[in-house]
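Working notes, beginning with the structure itself.
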Amino acid sequence: MPAITENSYVPLISTIKTVKDLTPTEKIFEVELPDGKQLDHAPGQFVQLLIPGIGEAPISICSSPTDENFHLTIRRVGDVTTAIHNMREGDKVGIRGSFGNGFPVEEMKGNDVLIIAGGIGLAPLRSVIRYILANRDDYGEFTILHGARTPSDRLFKDELFSWSDSSEINLLETVDHPDDSWSGHSGVITTLFKGLTVDPKNTYALVCGPPVMYRFVILECLGKGIPDKRILLSLERHMKCGLGKCGHCQINGVYTCQDGPVFSFNQIKNLEEAL
Amino acid sequence: MSKPRIAFFDFASCEGCQLEAINFVEEFLVLLGHVDIVQFREAITEAEWDIDVSFVEGSITREQDIPRLKEIRENSKVVIALGACACTGGVNAIKNTRPLEDVRADVYGDKKDWFPTFPTRPIDQVVKVDGYIYGCPIDRNDFLKNVQLILQGKKTLRHNDPVCVECRLAEIECLLTLGKPCMGPITRGGCGAIDPSYGHPCTGCRGLVDDPNENAAMDVLAEHGLTVEDIRSYMTIFNSFRPEDIQ
Amino acid sequence: MKQFIFQKSRLKDLISYLISAYPSVYAPVPRGKHFVFDKITDASSAEFGYARTILPPKKYLMPQHEALVDFTLNENLEFKEVISADRQVIVGVRPGDIRAIKLVDDIMMNRNRDRNYIARRENTVIIGIDGIPDEYSYEDSVMDLKVEDGFDLFMTDLGNMILVDVATEEGMKIINSIEHEPATEKYLRLRDNALNSQREMFTARIDTPAKLIPLALEGKWDHPIWEEMGRKCLSCGQCILVCPTCYCFNVTDEMALSMDEGTRTRHWDGCQLADFTLVGHGENFRDNAAARIRHRFHRKFKYHLDVFSEIFCTGCGRCWETCPSGINLVEIANALSSEEVE
């Protein structure tokens, strides 16, 4: 793990470069570290975002290390996320990290990639999607299954549009509750697996979404013959330190902040508390 | 930016929590640099509505309290329940454990019909409440911390860790190990374990934690020599209110 | 390591020397019917006839509430690490607590180094003393009563005399403050005898060799003992707060009254409290007492054993004595392993 300050508890004072609304409850923030420092994160890692005086929260990085600065997609749910929603370009925040293992983008090279993203789970997966697009020749077939609650809950609508248009990606989308604006597929995300052809010996499945989604998606992936070692899930837990000490994120014997947040289903099978 | 405007209101209560607030007005003065008090006991004039934070003390015990509380809610951006009566119904809710007619006869005798009341309820049974400052009375440090949080736009402290946490961290002898019945294990903390620090058992004034294991607590109290009757009366001092009382 | 003996009556002089030589000396002192480690300024306040203190001496290495980072808001946003560590001596530390400090040292000093802990630890002198088991003690079931390191001095009470192991130069300097002489074979044998008779005093025992408990745990994830204990558990958190090998924490921002500066503060926290695994949108990943107790037991006897090859329980009995419902790890361990035999 790159320690970007000498004292792991002292954050780097960073600047919000841009803020954009994604949905009524989600915004995307571009953050710049001080003195030209680079985060050098791996796709799938997270940072601890500190709003001085308010508190800290673990936030997945939704940009690729190949992007300039880094981006955080944040849903307004608690004190920290509400506070940053009230902040503007130029405001200062504290950043610690990056933390966690991230997705094994090196190991995945030469293979097909199947992304399964539910709701805000698209945010951490966007980091790996953008990374693969920046290194498109290194990977095989690239499929994204994306599910949202309603059409207006879809994050990154512009990007979804360009991905759907792109010959480099096969994007399949669904919404649980369609409205008049939606002419696409509706139903839960597992319905997208129907008719999907997967080369099971040669595919990595990357999964992130609400906790209830995992069991069903794993069954679908196993049903397609993808081996459990190559079904990769990003998990969410309460975290305070990011250093494998405070204990909040422990799942059985592993610390999500250090050993995760990405686990293979092969690992998770032995973690009774994971799903 | 103009200073947030705060106000205090009270319903059925001893006004002790407001008194506690006045008690540390010196500490509070520093905060006064951050807020304007627009209402403290006196009647509100219309011009003074438009309140940012209303602290409401007391429980709701009469029909005529309801429109007044609703008016406060409508005119306040944030409503905070101040003290046990507002948060949980407090001691006023003991009356809910007996038939209302009997209670009124006990208190008002043959004039009981002059004073209509209904079962006591905490204010969140009437209006949406944005935060809670627990205790009978409130703890000054806890109050101050919460006011800071409110001014920062944060939620008030959940205090879902029981009193035992503060007792243990301060190495106050566990009163249960000394054979004294104590509600600490299932009572919301945040009081600095003030009672146990003076050797007095906790009586649950800050309300019970979410999802308290009341059966285990009763077993523990019974083990320390309390009868079922004792335990029941102990547990009802501050925690009598049940939502079904007002249905 | 060198061994010396000194007259027990000289212990007071040794403590007086410590008080004169170090800014802070902490020792066990009575509090009501219990004992606590507290700062002493008079050698006669220290009392060593105790079974356990309410909190372990860990509180001097990782305080219950500890400033980590000071910050100022507004245009001059700034974060500054807060490290304050004066020289300190903890005297009268039981073998189990010495072992616990070693375990927490490893966590805090060898991986993702914790600068606050390290500063305190490196400024701390530890003077141990052999234990006095009572009905809640079970050190003998989980560790070797004879500790070989993790202290500067270690004293064994031999009646009129005290045998002292000197492990560090600083320890040697301290022992030089009083009259002492090298320990002869006779005294080393007396120490062995004292340890042997101490082993006889334990009434609480884990039946299985402790390092084999992970085997007893296999297939017991849904064992009824967890539900049984969950029904008794008040989730008051006392067990994890008094535990010498627990080190979980929370960090909060605390504002000064001026509201333009504050401190990020670390507080002891732990897995038996209901909110420990609660995330922002309301999901609680360990939302019942049975699951929390199961986690605590695994953390003490399996998870950390897998990684660190050490049992994270010292048998001090603090969690047992303090639990209002009398929940204890000995009973759980024995329930799990007795079924193994059946």
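Chain labels follow the order of the structure tokens: the first chain is A, the next B, and so on; residue numbering restarts at 1 in every chain, and ligands are counted from 1 in their shown order.
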Check which residues of chain C sit at most 6 Å from chain B using only C-alpha atoms, and return one row each with the closest pair of atoms and their distance in Å to one decimal, ordered by chain and rising number, as a tab-separated table.
residue	atom	partner	partner_atom	distance
C:Lys232	CA	B:Ala216	CA	5.2
C:Leu234	CA	B:Asn213	CA	5.6
C:Cys236	CA	B:Pro185	CA	5.0
Expected file contents, prior selection, C-alpha atoms, as a PDB file, in the first residue's frame:
ATOM      1  CA  LYS C 232     -27.643 -13.647  27.762  1.00  0.00           C
ATOM      2  CA  LEU C 234     -26.525  -7.290  26.926  1.00  0.00           C
ATOM      3  CA  CYS C 236     -22.832  -3.560  26.795  1.00  0.00           C
TER       4      CYS C 236
END
Could you tell me which residues of chain B sit within 8 Å of chain A when counting only C-alpha atoms, and give me the result as a compact mmCIF listing (two decimals) with N, CA and C atoms, in the first residue's frame?
# COMPACT_ATOMS: atom_id res chain seq x y z
N GLN B 152 -23.02 22.41 12.66
CA GLN B 152 -22.26 21.92 11.50
C GLN B 152 -23.14 21.22 10.49
N GLY B 153 -24.43 21.12 10.79
CA GLY B 153 -25.34 20.43 9.88
C GLY B 153 -25.27 18.92 10.01
N LYS B 154 -24.69 18.45 11.14
CA LYS B 154 -24.58 17.00 11.33
C LYS B 154 -25.74 16.49 12.17
N LYS B 155 -25.85 15.16 12.17
CA LYS B 155 -26.84 14.54 13.02
C LYS B 155 -26.38 14.62 14.48
query = Could you write out as a ChimeraX atom specification the residues of chain A within 9 Å of chain C, counting only C-alpha atoms?
reply = /A:3,7-13,52-57,77-79,92,94,236-241,243-254,272-275
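Look at Arg5 of chain B: the protein and nucleic acid residues within 8 Å of it, using only C-alpha atoms and passing over chain neighbours fewer than 5 places away, are Val35, Asp36, Ile37, Val38, Asp50, Ile51, Asp52 and Val53 of chain B.
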Per-residue nearest contacts segment 64-106 of chain B to segment 191-208 of chain B, cut-off 10 Å, using only C-alpha atoms, as a Markdown table:
| residue | atom | partner | partner_atom | distance |
| --- | --- | --- | --- | --- |
| B:Gly83 | CA | B:Arg206 | CA | 8.0 |
| B:Ala84 | CA | B:Arg206 | CA | 6.1 |
| B:Cys85 | CA | B:Cys205 | CA | 9.4 |
| B:Cys87 | CA | B:Gly207 | CA | 7.9 |
| B:Thr88 | CA | B:Gly207 | CA | 6.3 |
| B:Gly89 | CA | B:Gly207 | CA | 9.3 |
| B:Gly90 | CA | B:Cys205 | CA | 7.2 |
| B:Val91 | CA | B:Cys205 | CA | 8.6 |
request  = List every residue of segment 64-243 of chain B that DSSP, applied to the backbone of this structure, assigns to strand (DSSP E or B), and report them as number ranges by chain.
outcome  = B: 76-82, 121, 131-133, 135, 138, 162, 187-188, 208
message = Please list as a VMD selection string every residue within 9 Å of Leu235 of chain A, counting only C-alpha atoms and excluding residues in the same chain fewer than 4 positions away.
response = chain A and resid 208 to 209 211 256 260 to 263 274 to 275
Applying 9 Å and only C-alpha atoms, which residues near Asn69 of chain A remain after dropping the ones on its own chain fewer than 3 positions away? List them as a PDB file with C-alpha atoms, in the first residue's frame.
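What landed in selection.pdb:
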ATOM      1  CA  LYS A  17     -11.515  20.638  -9.030  1.00  0.00           C
ATOM      2  CA  GLU A  30     -12.811  15.516  -9.309  1.00  0.00           C
ATOM      3  CA  VAL A  31     -10.105  15.816  -6.653  1.00  0.00           C
ATOM      4  CA  GLU A  32      -6.559  17.077  -7.044  1.00  0.00           C
ATOM      5  CA  LEU A  33      -3.817  16.167  -4.590  1.00  0.00           C
ATOM      6  CA  GLN A  38      -0.431  11.431  -7.891  1.00  0.00           C
ATOM      7  CA  LEU A  39      -2.669   8.923  -6.179  1.00  0.00           C
ATOM      8  CA  SER A  63     -11.683   6.948 -12.149  1.00  0.00           C
ATOM      9  CA  PRO A  65      -5.255   5.700 -12.830  1.00  0.00           C
TER      10      PRO A  65
END
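For the pair atom CA of Ile231 of chain A and atom CA of Met108 of chain A, the separation is 11.5 Å.
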request  = Taking the chain letters and numbering used in this document, name the residues of segment 17-230 of chain B that DSSP puts in alpha helix (DSSP H), as a PyMOL selection string.
outcome  = chain B and resi 17-23+25-32+65-74+84-88+100-108+140-151+163-169+194-197+214-223+228-230
key: One-decimal distance in Å that lies between atom CA of Val147 of chain C and atom CA of Gln198 of chain C   = 14.1 Å
ask   = Could you name the residues that touch segment 98-101 of chain B at 12 Å or less, counting only C-alpha atoms, but leaving out those on the same chain fewer than 6 positions away, as a ChimeraX atom specification?
value = /B:61,92,107-113,115-120,236,240-241,245-246
Store the residues of this selection in a file with N, CA and C atoms, as a PDB file, in the first residue's frame.
ATOM      1  N   THR B  61     -48.812  15.966  26.656  1.00  0.00           N
ATOM      2  CA  THR B  61     -49.765  15.305  27.564  1.00  0.00           C
ATOM      3  C   THR B  61     -51.196  15.787  27.379  1.00  0.00           C
ATOM      4  N   ASN B  92     -42.989  11.610  33.042  1.00  0.00           N
ATOM      5  CA  ASN B  92     -44.413  11.914  32.819  1.00  0.00           C
ATOM      6  C   ASN B  92     -45.177  10.717  32.267  1.00  0.00           C
ATOM      7  N   VAL B 107     -54.502  13.195  41.028  1.00  0.00           N
ATOM      8  CA  VAL B 107     -53.812  14.485  40.956  1.00  0.00           C
ATOM      9  C   VAL B 107     -54.783  15.640  41.225  1.00  0.00           C
ATOM     10  N   TYR B 108     -55.968  15.564  40.599  1.00  0.00           N
ATOM     11  CA  TYR B 108     -56.859  16.732  40.654  1.00  0.00           C
ATOM     12  C   TYR B 108     -58.106  16.505  41.506  1.00  0.00           C
ATOM     13  N   GLY B 109     -58.248  15.335  42.075  1.00  0.00           N
ATOM     14  CA  GLY B 109     -59.390  15.049  42.940  1.00  0.00           C
ATOM     15  C   GLY B 109     -60.703  15.286  42.220  1.00  0.00           C
ATOM     16  N   ASP B 110     -61.628  15.991  42.886  1.00  0.00           N
ATOM     17  CA  ASP B 110     -62.944  16.161  42.276  1.00  0.00           C
ATOM     18  C   ASP B 110     -62.955  17.213  41.160  1.00  0.00           C
ATOM     19  N   LYS B 111     -61.793  17.871  40.941  1.00  0.00           N
ATOM     20  CA  LYS B 111     -61.711  18.830  39.831  1.00  0.00           C
ATOM     21  C   LYS B 111     -61.147  18.174  38.566  1.00  0.00           C
ATOM     22  N   LYS B 112     -61.107  16.874  38.605  1.00  0.00           N
ATOM     23  CA  LYS B 112     -60.398  16.200  37.520  1.00  0.00           C
ATOM     24  C   LYS B 112     -60.964  16.512  36.126  1.00  0.00           C
ATOM     25  N   ASP B 113     -62.235  16.818  36.052  1.00  0.00           N
ATOM     26  CA  ASP B 113     -62.807  17.088  34.733  1.00  0.00           C
ATOM     27  C   ASP B 113     -62.387  18.444  34.174  1.00  0.00           C
ATOM     28  N   PHE B 115     -59.383  19.372  33.968  1.00  0.00           N
ATOM     29  CA  PHE B 115     -58.026  19.271  33.387  1.00  0.00           C
ATOM     30  C   PHE B 115     -57.903  18.043  32.492  1.00  0.00           C
ATOM     31  N   PRO B 116     -58.450  18.138  31.295  1.00  0.00           N
ATOM     32  CA  PRO B 116     -58.370  16.971  30.411  1.00  0.00           C
ATOM     33  C   PRO B 116     -56.914  16.697  29.992  1.00  0.00           C
ATOM     34  N   THR B 117     -56.523  15.456  30.043  1.00  0.00           N
ATOM     35  CA  THR B 117     -55.192  15.093  29.537  1.00  0.00           C
ATOM     36  C   THR B 117     -55.335  13.799  28.745  1.00  0.00           C
ATOM     37  N   PHE B 118     -54.290  13.447  28.021  1.00  0.00           N
ATOM     38  CA  PHE B 118     -54.282  12.144  27.338  1.00  0.00           C
ATOM     39  C   PHE B 118     -52.960  11.447  27.629  1.00  0.00           C
ATOM     40  N   PRO B 119     -52.793  10.204  27.181  1.00  0.00           N
ATOM     41  CA  PRO B 119     -51.554   9.506  27.513  1.00  0.00           C
ATOM     42  C   PRO B 119     -50.317  10.287  27.050  1.00  0.00           C
ATOM     43  N   THR B 120     -49.313  10.326  27.910  1.00  0.00           N
ATOM     44  CA  THR B 120     -48.076  11.063  27.638  1.00  0.00           C
ATOM     45  C   THR B 120     -47.336  10.455  26.457  1.00  0.00           C
ATOM     46  N   THR B 236     -39.563   1.316  34.663  1.00  0.00           N
ATOM     47  CA  THR B 236     -40.585   2.241  34.163  1.00  0.00           C
ATOM     48  C   THR B 236     -40.343   3.681  34.587  1.00  0.00           C
ATOM     49  N   SER B 240     -41.456   4.300  30.449  1.00  0.00           N
ATOM     50  CA  SER B 240     -42.818   3.747  30.470  1.00  0.00           C
ATOM     51  C   SER B 240     -43.503   3.820  29.126  1.00  0.00           C
ATOM     52  N   PHE B 241     -43.107   4.809  28.332  1.00  0.00           N
ATOM     53  CA  PHE B 241     -43.882   5.039  27.119  1.00  0.00           C
ATOM     54  C   PHE B 241     -43.780   3.865  26.150  1.00  0.00           C
ATOM     55  N   ASP B 245     -49.588   2.764  23.685  1.00  0.00           N
ATOM     56  CA  ASP B 245     -50.363   3.542  24.655  1.00  0.00           C
ATOM     57  C   ASP B 245     -51.225   4.605  23.986  1.00  0.00           C
ATOM     58  N   ILE B 246     -50.820   5.052  22.800  1.00  0.00           N
ATOM     59  CA  ILE B 246     -51.546   6.176  22.206  1.00  0.00           C
ATOM     60  C   ILE B 246     -52.295   5.769  20.947  1.00  0.00           C
TER      61      ILE B 246
END
What lies within 9 Å of segment 68-73 of chain B using only C-alpha atoms, ignoring chain neighbours under 4 positions off, as a PDB file with C-alpha atoms, in the first residue's frame?
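What follows is the written file selection-v8.pdb:
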ATOM      1  CA  PHE B   9     -39.803  25.818  23.943  1.00  0.00           C
ATOM      2  CA  PHE B  11     -44.210  21.407  27.214  1.00  0.00           C
ATOM      3  CA  TRP B  49     -40.750  32.999  13.637  1.00  0.00           C
ATOM      4  CA  ILE B  51     -36.203  29.697  13.441  1.00  0.00           C
ATOM      5  CA  SER B  54     -35.826  24.771  17.987  1.00  0.00           C
ATOM      6  CA  VAL B  56     -38.174  21.486  22.567  1.00  0.00           C
ATOM      7  CA  ILE B  60     -46.934  15.990  25.117  1.00  0.00           C
ATOM      8  CA  GLN B  64     -53.900  21.536  23.046  1.00  0.00           C
ATOM      9  CA  LYS B  77     -35.748  24.200  10.024  1.00  0.00           C
ATOM     10  CA  VAL B  78     -34.488  21.801  12.676  1.00  0.00           C
ATOM     11  CA  VAL B  79     -36.349  20.470  15.720  1.00  0.00           C
ATOM     12  CA  ILE B 123     -42.559  14.794  20.827  1.00  0.00           C
ATOM     13  CA  VAL B 126     -46.439  14.194  17.070  1.00  0.00           C
ATOM     14  CA  VAL B 127     -43.922  15.808  14.719  1.00  0.00           C
ATOM     15  CA  LYS B 128     -40.775  14.823  12.845  1.00  0.00           C
ATOM     16  CA  VAL B 129     -37.758  15.289  15.100  1.00  0.00           C
TER      17      VAL B 129
END
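In this model, the gap between atom CA of Ala148 of chain A and atom CA of Val47 of chain A comes to 24.5 Å.
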